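start-v5.tsv (TSV, C-alpha atoms)
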```
chain	number	residue	atom	x	y	z
A	1	MET	CA	0.00	0.00	0.00
A	2	LEU	CA	2.95	2.35	0.57
A	3	ALA	CA	3.99	2.12	-3.09
A	4	LEU	CA	0.44	2.88	-4.26
A	5	SER	CA	0.11	5.79	-1.83
A	6	ILE	CA	3.42	7.29	-2.98
A	7	LEU	CA	2.43	6.85	-6.63
A	8	LEU	CA	-0.85	8.67	-6.02
A	9	LEU	CA	0.94	11.46	-4.14
A	10	VAL	CA	3.36	11.93	-7.04
A	11	ALA	CA	0.44	12.03	-9.49
A	12	VAL	CA	-1.35	14.66	-7.39
A	13	LEU	CA	1.75	16.87	-7.17
A	14	VAL	CA	2.62	16.53	-10.87
A	15	CYS	CA	-0.92	17.52	-11.81
A	16	ALA	CA	-0.74	20.52	-9.48
A	17	VAL	CA	2.55	21.63	-11.06
A	18	VAL	CA	1.80	20.92	-14.74
A	19	ARG	CA	-2.00	21.29	-14.75
A	20	PRO	CA	-2.46	19.31	-17.98
A	21	TRP	CA	-5.20	20.62	-20.30
A	22	GLY	CA	-5.82	23.40	-17.80
A	23	TRP	CA	-7.20	21.03	-15.18
A	24	PRO	CA	-7.61	22.43	-11.67
A	25	GLU	CA	-5.39	21.03	-8.93
A	26	ALA	CA	-8.32	19.04	-7.54
A	27	ALA	CA	-8.81	17.04	-10.76
A	28	VAL	CA	-6.41	14.33	-9.59
A	29	ALA	CA	-6.28	15.02	-5.84
A	30	VAL	CA	-9.96	14.25	-5.17
A	31	PRO	CA	-10.07	10.95	-7.16
A	32	ALA	CA	-6.78	9.94	-5.53
A	33	ALA	CA	-8.25	10.56	-2.07
A	34	VAL	CA	-11.29	8.45	-2.97
A	35	LEU	CA	-9.05	5.69	-4.33
A	36	VAL	CA	-6.93	5.36	-1.16
A	37	ALA	CA	-10.16	4.79	0.78
A	38	VAL	CA	-11.64	2.36	-1.74
A	39	VAL	CA	-8.56	0.11	-1.93
A	40	GLY	CA	-8.01	0.22	1.82
A	41	ALA	CA	-4.74	2.18	1.80
A	42	LEU	CA	-6.39	4.42	4.39
A	43	PRO	CA	-9.33	3.18	6.50
A	44	VAL	CA	-12.53	5.15	6.07
A	45	ASP	CA	-12.52	6.27	9.70
A	46	HIS	CA	-9.01	7.71	9.21
A	47	VAL	CA	-10.26	9.52	6.09
A	48	VAL	CA	-13.05	11.05	8.16
A	49	ASP	CA	-10.60	11.99	10.95
A	50	GLU	CA	-8.34	13.75	8.45
A	51	ALA	CA	-11.25	15.62	6.88
A	52	VAL	CA	-12.45	16.75	10.32
A	53	ARG	CA	-8.91	17.86	11.26
A	54	LEU	CA	-8.49	19.87	8.06
A	55	GLY	CA	-12.03	21.30	8.05
A	56	PRO	CA	-11.39	24.41	10.20
A	57	VAL	CA	-8.12	25.08	8.36
A	58	ILE	CA	-9.87	24.94	4.98
A	59	GLY	CA	-12.66	27.21	6.23
A	60	PHE	CA	-10.10	29.70	7.49
A	61	LEU	CA	-8.30	29.64	4.14
A	62	ALA	CA	-11.56	30.23	2.25
A	63	ALA	CA	-12.35	33.31	4.34
A	64	ILE	CA	-8.84	34.76	3.90
A	65	LEU	CA	-8.99	34.25	0.11
A	66	VAL	CA	-12.29	36.15	-0.07
A	67	LEU	CA	-10.99	38.92	2.20
A	68	ALA	CA	-7.85	39.37	0.08
A	69	GLN	CA	-9.79	39.48	-3.20
A	70	LEU	CA	-12.28	42.03	-1.87
A	71	CYS	CA	-9.41	44.19	-0.57
A	72	ASP	CA	-8.01	44.13	-4.09
A	73	ASP	CA	-11.39	45.16	-5.50
A	74	GLU	CA	-11.38	48.09	-3.06
A	75	GLY	CA	-8.03	49.23	-4.50
A	76	LEU	CA	-5.80	48.31	-1.56
A	77	PHE	CA	-3.03	46.79	-3.66
A	78	HIS	CA	-3.03	49.61	-6.22
A	79	ALA	CA	-2.78	52.05	-3.33
A	80	CYS	CA	0.28	50.09	-2.19
A	81	GLY	CA	1.75	50.47	-5.68
A	82	THR	CA	1.19	54.23	-5.57
A	83	TRP	CA	2.88	54.43	-2.18
A	84	MET	CA	5.88	52.42	-3.41
A	85	ALA	CA	6.25	54.62	-6.48
A	86	ARG	CA	6.09	57.86	-4.50
A	87	ALA	CA	8.36	56.65	-1.71
A	88	SER	CA	11.04	55.39	-4.10
A	89	ARG	CA	11.26	58.69	-6.07
A	90	GLY	CA	12.49	56.69	-9.04
A	91	ARG	CA	15.38	55.04	-7.18
A	92	PRO	CA	15.50	51.25	-7.80
A	93	ARG	CA	17.13	50.42	-4.45
A	94	THR	CA	14.54	52.43	-2.55
A	95	LEU	CA	11.78	50.75	-4.57
A	96	LEU	CA	13.20	47.36	-3.60
A	97	GLY	CA	12.96	48.37	0.05
A	98	GLY	CA	9.36	49.46	-0.48
A	99	VAL	CA	8.51	46.15	-2.15
A	100	PHE	CA	10.08	44.29	0.77
A	101	VAL	CA	8.04	46.24	3.31
A	102	THR	CA	4.79	45.97	1.35
A	103	ALA	CA	5.16	42.29	0.44
A	104	SER	CA	6.16	41.37	4.00
A	105	VAL	CA	3.13	43.08	5.54
A	106	ILE	CA	0.67	41.77	2.94
A	107	THR	CA	2.03	38.23	3.22
A	108	ALA	CA	1.85	38.28	6.99
A	109	VAL	CA	-1.65	39.77	7.21
A	110	LEU	CA	-3.47	38.56	4.06
A	111	SER	CA	-1.47	35.38	3.33
A	112	LEU	CA	1.17	34.59	0.74
A	113	ASP	CA	-1.47	34.05	-1.97
A	114	ALA	CA	-2.32	37.75	-1.85
A	115	THR	CA	1.32	38.68	-2.44
A	116	VAL	CA	1.74	36.27	-5.35
A	117	VAL	CA	-1.59	36.75	-7.11
A	118	LEU	CA	-2.49	40.37	-6.33
A	119	LEU	CA	0.73	42.23	-5.51
A	120	THR	CA	2.99	40.80	-8.23
A	121	PRO	CA	1.03	42.43	-11.10
A	122	VAL	CA	1.06	45.73	-9.19
A	123	VAL	CA	4.85	45.50	-8.80
A	124	PHE	CA	5.19	44.89	-12.54
A	125	ALA	CA	3.11	48.01	-13.24
A	126	THR	CA	5.00	50.10	-10.69
A	127	ALA	CA	8.39	49.11	-12.15
A	128	ALA	CA	7.17	49.97	-15.66
A	129	GLN	CA	5.87	53.34	-14.47
A	130	LEU	CA	9.21	54.20	-12.87
A	131	GLY	CA	11.24	52.81	-15.76
A	132	VAL	CA	13.28	50.42	-13.61
A	133	ARG	CA	14.16	46.82	-14.31
A	134	PRO	CA	11.38	44.69	-12.79
A	135	LYS	CA	13.36	41.52	-12.04
A	136	PRO	CA	14.63	42.27	-8.49
A	137	HIS	CA	11.25	43.55	-7.38
A	138	VAL	CA	9.24	40.74	-8.98
A	139	TYR	CA	11.58	38.08	-7.62
A	140	ALA	CA	11.13	39.67	-4.19
A	141	CYS	CA	7.40	38.89	-4.40
A	142	THR	CA	7.95	35.15	-4.69
A	143	HIS	CA	10.75	34.96	-2.11
A	144	LEU	CA	8.80	37.03	0.41
A	145	SER	CA	5.60	35.10	-0.20
A	146	ASN	CA	7.51	32.24	1.42
A	147	SER	CA	9.98	33.98	3.77
A	148	ALA	CA	7.58	36.61	5.12
A	149	SER	CA	4.85	34.04	5.80
A	150	LEU	CA	6.42	33.06	9.12
A	151	LEU	CA	4.80	35.63	11.37
A	152	LEU	CA	1.13	34.79	11.91
A	153	PRO	CA	-0.97	31.63	11.78
A	154	VAL	CA	-2.95	33.24	8.92
A	155	SER	CA	0.06	33.98	6.74
A	156	ASN	CA	0.31	30.57	5.09
A	157	LEU	CA	-1.68	27.36	4.88
A	158	THR	CA	1.31	25.55	6.38
A	159	ASN	CA	1.11	27.96	9.33
A	160	LEU	CA	-2.53	27.12	9.89
A	161	LEU	CA	-1.70	23.43	10.02
A	162	ALA	CA	1.24	23.99	12.36
A	163	PHE	CA	-0.78	26.34	14.56
A	164	ALA	CA	-3.47	23.69	14.98
A	165	SER	CA	-0.81	21.20	16.13
A	166	SER	CA	1.37	23.51	18.23
A	167	GLY	CA	-0.93	24.10	21.19
A	168	LEU	CA	0.06	27.78	21.11
A	169	SER	CA	-2.25	30.77	21.29
A	170	PHE	CA	-2.40	33.21	18.37
A	171	THR	CA	-0.38	35.83	20.24
A	172	ARG	CA	2.27	33.41	21.54
A	173	PHE	CA	2.72	31.96	18.06
A	174	ALA	CA	3.25	35.48	16.69
A	175	ALA	CA	5.59	36.42	19.53
A	176	LEU	CA	7.79	33.35	18.99
A	177	MET	CA	7.92	33.85	15.23
A	178	ALA	CA	8.44	37.62	15.23
A	179	LEU	CA	12.24	37.51	15.55
A	180	PRO	CA	12.69	34.67	13.00
A	181	TRP	CA	10.42	36.66	10.64
A	182	VAL	CA	12.51	39.82	10.96
A	183	VAL	CA	15.80	37.93	10.63
A	184	ALA	CA	14.69	36.03	7.53
A	185	ILE	CA	13.46	39.19	5.78
A	186	ALA	CA	16.61	41.13	6.67
A	187	ILE	CA	18.88	38.40	5.30
A	188	GLU	CA	16.78	38.17	2.13
A	189	TYR	CA	17.14	41.94	1.65
A	190	VAL	CA	20.93	41.82	1.96
A	191	VAL	CA	21.10	38.91	-0.49
A	192	PHE	CA	18.85	40.69	-2.99
A	193	ARG	CA	20.85	43.94	-2.81
A	194	ARG	CA	24.04	42.07	-3.70
A	195	PHE	CA	22.62	39.53	-6.15
A	196	PHE	CA	20.71	42.11	-8.25
A	197	ARG	CA	23.19	44.98	-7.95
A	198	THR	CA	23.55	45.22	-11.75
A	199	ASP	CA	19.79	45.59	-12.26
A	200	LEU	CA	19.51	48.03	-9.37
A	201	ASP	CA	22.30	50.20	-10.81
A	202	ALA	CA	20.84	50.24	-14.34
A	203	PRO	CA	19.67	53.57	-15.86
A	204	VAL	CA	16.08	54.58	-15.11
A	205	HIS	CA	13.62	55.54	-17.88
A	206	PRO	CA	10.39	56.68	-16.21
A	207	SER	CA	7.05	56.75	-18.04
A	208	ASP	CA	4.03	58.93	-17.36
A	209	THR	CA	3.01	59.17	-13.72
A	210	ALA	CA	-0.04	57.07	-12.87
A	211	PRO	CA	-2.99	58.83	-11.25
A	212	ALA	CA	-3.16	58.57	-7.48
A	213	ARG	CA	-5.67	56.13	-5.99
A	214	GLU	CA	-7.92	56.99	-3.09
A	215	LEU	CA	-6.83	55.30	0.13
A	216	PRO	CA	-9.25	52.39	0.81
A	217	VAL	CA	-9.98	53.28	4.43
A	218	PHE	CA	-12.77	50.72	4.87
A	219	ALA	CA	-10.54	47.88	3.69
A	220	LEU	CA	-7.72	48.95	6.00
A	221	VAL	CA	-10.05	49.24	9.00
A	222	THR	CA	-11.65	45.86	8.25
A	223	VAL	CA	-8.28	44.14	8.00
A	224	GLY	CA	-7.17	45.77	11.26
A	225	LEU	CA	-10.33	44.68	13.07
A	226	THR	CA	-9.99	41.18	11.64
A	227	LEU	CA	-6.46	40.92	13.04
A	228	ALA	CA	-7.73	42.11	16.40
A	229	GLY	CA	-10.45	39.49	16.12
A	230	PHE	CA	-7.82	36.77	15.65
A	231	VAL	CA	-6.19	37.76	18.92
A	232	VAL	CA	-9.47	37.97	20.84
A	233	ALA	CA	-10.75	34.68	19.41
A	234	SER	CA	-7.55	32.87	20.31
A	235	ALA	CA	-7.58	34.28	23.84
A	236	THR	CA	-11.20	33.23	24.41
A	237	GLY	CA	-10.93	29.75	22.91
A	238	ILE	CA	-12.93	30.58	19.76
A	239	ASP	CA	-11.69	29.31	16.40
A	240	PRO	CA	-9.99	32.27	14.63
A	241	ALA	CA	-11.77	31.17	11.44
A	242	TRP	CA	-14.84	32.99	12.76
A	243	ALA	CA	-12.93	36.28	12.88
A	244	ALA	CA	-11.72	35.74	9.31
A	245	CYS	CA	-15.27	34.93	8.24
A	246	ALA	CA	-16.58	38.10	9.90
A	247	GLY	CA	-14.03	40.24	8.05
A	248	ALA	CA	-14.84	38.59	4.72
A	249	VAL	CA	-18.60	39.00	5.28
A	250	ALA	CA	-18.21	42.69	6.17
A	251	MET	CA	-16.22	43.35	3.01
A	252	ALA	CA	-18.59	41.28	0.87
A	253	VAL	CA	-21.77	42.95	2.15
A	254	ARG	CA	-20.38	46.42	1.46
A	255	ALA	CA	-19.06	45.46	-1.99
A	256	LEU	CA	-22.37	43.82	-2.94
A	257	ALA	CA	-24.38	46.80	-1.68
A	258	ARG	CA	-22.25	49.18	-3.76
A	259	ARG	CA	-22.36	46.83	-6.78
A	260	ARG	CA	-18.55	46.60	-6.82
A	261	THR	CA	-18.75	42.84	-7.02
A	262	SER	CA	-21.27	40.06	-7.54
A	263	LEU	CA	-22.18	36.97	-5.59
A	264	THR	CA	-20.63	34.90	-8.37
A	265	LYS	CA	-17.30	36.67	-8.00
A	266	VAL	CA	-17.37	36.20	-4.23
A	267	VAL	CA	-17.94	32.47	-4.68
A	268	GLN	CA	-15.13	32.34	-7.25
A	269	ALA	CA	-12.80	34.03	-4.74
A	270	VAL	CA	-13.41	31.12	-2.36
A	271	SER	CA	-11.55	28.94	-4.90
A	272	LEU	CA	-13.48	25.74	-4.21
A	273	PRO	CA	-11.26	23.60	-6.50
A	274	PHE	CA	-8.17	24.63	-4.55
A	275	LEU	CA	-9.85	23.89	-1.23
A	276	ALA	CA	-10.85	20.45	-2.56
A	277	PHE	CA	-7.23	19.96	-3.62
A	278	VAL	CA	-6.01	20.73	-0.09
A	279	LEU	CA	-8.44	18.21	1.40
A	280	GLY	CA	-7.60	15.52	-1.18
A	281	LEU	CA	-3.89	16.09	-0.76
A	282	GLY	CA	-4.18	15.82	3.01
A	283	ILE	CA	-5.92	12.46	2.75
A	284	VAL	CA	-3.36	11.07	0.28
A	285	VAL	CA	-0.47	12.26	2.47
A	286	ARG	CA	-2.12	10.62	5.51
A	287	ALA	CA	-2.14	7.35	3.53
A	288	VAL	CA	1.57	7.69	2.75
A	289	VAL	CA	2.41	8.40	6.38
A	290	ASP	CA	0.28	5.62	7.82
A	291	ASN	CA	1.74	3.07	5.41
A	292	GLY	CA	5.35	3.49	6.50
A	293	LEU	CA	6.85	6.87	5.59
A	294	ASP	CA	6.65	7.97	9.21
A	295	ASP	CA	8.93	5.09	10.23
A	296	VAL	CA	11.59	6.21	7.72
A	297	LEU	CA	11.43	9.86	8.77
A	298	ARG	CA	11.67	9.02	12.47
A	299	LEU	CA	15.18	7.74	11.77
A	300	VAL	CA	16.38	11.12	10.45
A	301	ILE	CA	14.44	13.65	12.54
A	302	PRO	CA	16.41	14.82	15.61
A	303	SER	CA	14.59	14.84	18.92
A	304	GLY	CA	14.72	17.55	21.55
A	305	ASP	CA	14.49	21.34	21.56
A	306	GLY	CA	18.17	22.32	21.58
A	307	LEU	CA	19.69	24.50	18.88
A	308	VAL	CA	21.30	21.57	17.02
A	309	ALA	CA	18.04	19.59	17.11
A	310	LEU	CA	16.04	22.57	15.81
A	311	LEU	CA	18.55	23.10	13.00
A	312	GLY	CA	18.26	19.43	12.08
A	313	VAL	CA	14.46	19.47	12.08
A	314	ALA	CA	14.37	22.62	9.93
A	315	ALA	CA	16.90	21.16	7.47
A	316	VAL	CA	14.92	17.93	7.07
A	317	ALA	CA	11.74	19.96	6.53
A	318	ALA	CA	13.43	22.18	3.92
A	319	VAL	CA	14.77	19.20	1.97
A	320	LEU	CA	11.44	17.39	2.09
A	321	ALA	CA	9.60	20.53	0.94
A	322	ASN	CA	11.77	20.71	-2.17
A	323	VAL	CA	11.29	16.99	-2.87
A	324	ILE	CA	7.51	16.65	-2.39
A	325	ASN	CA	6.34	20.30	-2.01
A	326	ASN	CA	5.94	22.14	1.27
A	327	LEU	CA	2.26	21.38	1.89
A	328	PRO	CA	2.67	17.58	1.85
A	329	ALA	CA	5.92	18.00	3.79
A	330	VAL	CA	4.24	19.77	6.69
A	331	LEU	CA	1.40	17.24	6.72
A	332	VAL	CA	3.95	14.43	6.91
A	333	LEU	CA	6.23	15.96	9.53
A	334	LEU	CA	3.85	17.52	12.03
A	335	PRO	CA	2.58	14.27	13.59
A	336	LEU	CA	6.20	13.15	14.05
A	337	VAL	CA	7.50	16.29	15.81
A	338	VAL	CA	4.50	17.22	17.98
A	339	PRO	CA	5.80	15.03	20.83
A	340	PHE	CA	9.01	17.12	20.89
A	341	GLY	CA	7.11	20.32	21.71
A	342	SER	CA	6.11	23.58	20.05
A	343	GLY	CA	9.73	24.50	19.27
A	344	ALA	CA	10.09	21.51	16.95
A	345	VAL	CA	6.74	22.30	15.31
A	346	LEU	CA	7.88	25.86	14.59
A	347	ALA	CA	11.25	24.58	13.31
A	348	VAL	CA	9.35	22.45	10.78
A	349	LEU	CA	7.49	25.60	9.78
A	350	LEU	CA	10.77	27.46	9.19
A	351	GLY	CA	11.98	24.64	6.96
A	352	VAL	CA	8.83	24.31	4.85
A	353	ASN	CA	8.39	28.09	4.47
A	354	LEU	CA	11.98	29.12	3.76
A	355	GLY	CA	13.17	25.98	1.95
A	356	PRO	CA	10.87	26.39	-1.10
A	357	ASN	CA	12.80	29.49	-2.24
A	358	LEU	CA	15.38	27.05	-3.58
A	359	THR	CA	13.29	25.40	-6.34
A	360	TYR	CA	10.18	26.07	-8.42
A	361	ALA	CA	8.41	22.99	-7.06
A	362	GLY	CA	9.03	23.83	-3.41
A	363	SER	CA	5.70	25.58	-2.88
A	364	LEU	CA	2.46	26.08	-4.77
A	365	ALA	CA	2.89	29.84	-4.38
A	366	THR	CA	6.14	29.75	-6.36
A	367	LEU	CA	4.51	27.71	-9.12
A	368	LEU	CA	1.64	30.19	-9.30
A	369	TRP	CA	4.07	33.13	-9.31
A	370	ARG	CA	5.89	31.61	-12.27
A	371	ARG	CA	2.64	31.50	-14.27
A	372	ILE	CA	1.88	35.13	-13.42
A	373	VAL	CA	5.37	36.20	-14.54
A	374	HIS	CA	4.86	34.30	-17.80
A	375	ASP	CA	1.55	36.13	-18.34
A	376	HIS	CA	3.55	39.39	-18.25
A	377	ASP	CA	5.74	38.18	-21.15
A	378	THR	CA	8.67	37.56	-18.83
A	379	GLU	CA	10.45	34.25	-18.42
A	380	VAL	CA	12.09	33.03	-15.22
A	381	ASN	CA	15.67	31.87	-15.71
A	382	LEU	CA	16.01	28.55	-13.86
A	383	PRO	CA	19.81	28.74	-13.23
A	384	GLU	CA	19.46	32.30	-11.94
A	385	PHE	CA	16.51	31.38	-9.72
A	386	THR	CA	18.48	28.47	-8.29
A	387	ARG	CA	21.64	30.54	-7.68
A	388	LEU	CA	19.58	33.10	-5.79
A	389	GLY	CA	18.02	30.31	-3.75
A	390	LEU	CA	21.39	28.76	-2.94
A	391	LEU	CA	22.49	32.09	-1.49
A	392	ALA	CA	19.28	32.93	0.36
A	393	VAL	CA	17.90	29.65	1.71
A	394	PRO	CA	20.83	28.38	3.83
A	395	ALA	CA	21.42	31.83	5.29
A	396	THR	CA	17.76	32.58	6.09
A	397	LEU	CA	17.20	29.07	7.45
A	398	ALA	CA	20.20	29.15	9.80
A	399	GLY	CA	19.53	32.71	10.95
A	400	SER	CA	15.82	32.16	11.60
A	401	VAL	CA	16.40	28.90	13.50
A	402	VAL	CA	18.88	30.65	15.80
A	403	ALA	CA	16.33	33.44	16.27
A	404	LEU	CA	13.62	30.87	17.08
A	405	TRP	CA	15.89	29.17	19.62
A	406	ALA	CA	16.52	32.53	21.28
A	407	SER	CA	12.79	33.37	21.30
A	408	LEU	CA	11.95	30.02	22.89
A	409	HIS	CA	14.43	30.70	25.69
A	410	VAL	CA	13.19	34.25	26.29
A	411	ILE	CA	9.43	33.79	25.81
A	412	GLY	CA	9.00	30.07	26.42
A	413	GLY	CA	7.29	27.53	24.18
```
Represent the structure from my file as structure tokens, please.
Amino acid sequence: MLALSILLLVAVLVCAVVRPWGWPEAAVAVPAAVLVAVVGALPVDHVVDEAVRLGPVIGFLAAILVLAQLCDDEGLFHACGTWMARASRGRPRTLLGGVFVTASVITAVLSLDATVVLLTPVVFATAAQLGVRPKPHVYACTHLSNSASLLLPVSNLTNLLAFASSGLSFTRFAALMALPWVVAIAIEYVVFRRFFRTDLDAPVHPSDTAPARELPVFALVTVGLTLAGFVVASATGIDPAWAACAGAVAMAVRALARRRTSLTKVVQAVSLPFLAFVLGLGIVVRAVVDNGLDDVLRLVIPSGDGLVALLGVAAVAAVLANVINNLPAVLVLLPLVVPFGSGAVLAVLLGVNLGPNLTYAGSLATLLWRRIVHDHDTEVNLPEFTRLGLLAVPATLAGSVVALWASLHVIGG
């Protein structure tokens, strides 16, 4: 059964990467999940357990996707582009700093999907307006969609899964990950400044200035209240998904009342095929784990919460993320490290969030970013992407693990 489960997992991941004939990611994931139950690779009661475990996470993700799309409809991301253009005053290095700040905040608050899908096109347009080379700034979107997704449970689907297993409150999770988040972003910025120095020093040829966009106050207030809701919900034992749902409903009701969107578009923003893919993938991964992969990984995962052990756990997670993608990697590793405590769980998170910057296949966000770049008549150079990853990933991983170790000693797990 292990061989069949692995074969199905490979098929699910290949379909998600290649998307043959334009199929959605769920086209293979859902039938594969049904098949593992039918052939007995995963007992039906285990299938139900996995679906119940992933249910709140999937609901949370749906609400965040709707909230991010409605913020885009309100003009939040274009307002960010206007701010970056004004703040940079036509200087490429200053623009890079603005992109880092904007992408880091958006990734942390509205999830990495918002940075990849909604901010990347804005960065392309901002670079064209200022007449600067877009490559450093566009590459920053994909790297920060992974690196800057460390801060909050809502920043990444992997975070939601780890948060559910960590036993931490929303605020303690954020407090422990704050220093690793800052360290990872700072190291990325230094690497980018050096790696893209030729592009950043290139002559600037500005085009006509784009008209200013009105600041979307309602969207900003709603996002702020939603974040406050996450903290309150976590402190009172309520699932934070309800706070995310409240924010999405508030934005949707206003947008529908003002005819800025339609019910069909709101439903499309939920991205039901992607949510079905997440559920199907989780079930297939559970089959792989239950049929023997967990025994193999137990031999290589260090135990304990010391610095060396945390470095080892993060390294294993980073390697596995690049081999089978970061979402399956976190599903595989979390049950194995939970007994070691919250520090090990967060070390896994560092590995699966930072590691994917090394390869295209490391995370779904990177694969999606590549398609968006292609839609803008720009091709990603694989050797260049890999060289950048080889410089950034080991440095950010080591630095953030040390920062996590320090946070655990100061704050406590």
### Query
Which residues, protein or nucleic acid, reach to within 9 Å of (11.6, 19.9, -4.0) in the file's coordinates when using only C-alpha atoms, and can you give that as number ranges by chain?
A: 318-326, 355-356, 358-363
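When all atoms listed in the file are used to compute distances to Leu382 (chain A), the closest of the residues A:Arg370, A:Arg93, A:Lys265, A:Arg193 turns out to be A:Arg370.
Atom pair CA of Val231 (chain A) / CA of Ala148 (chain A): separated by 19.5 Å.
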Give the padded box for region 52-64 of chain A as lines of an AutoDock Vina configuration file: axis-aligned, covering all atoms listed in the file, 4 Å on each side, centre and edge lengths in Å to one decimal.
```
center_x = -10.4
center_y = 25.8
center_z = 6.8
size_x = 12.5
size_y = 26.0
size_z = 17.0
```
### Message
Counting only C-alpha atoms, which residues sit no farther than 12 Å from the position (1.3, 0.0, 9.2) in the file's frame? I'd like them as JSON, numbers by chain.
### Response
{"A": [1, 2, 40, 41, 42, 43, 286, 287, 288, 289, 290, 291, 292, 293, 294, 295]}
### Query
Looking at A:Thr102, A:Thr226, A:Thr126, A:Gln268, which one is nearest to Ala140 (chain A), with distances taken over all atoms listed in the file?
A:Thr102
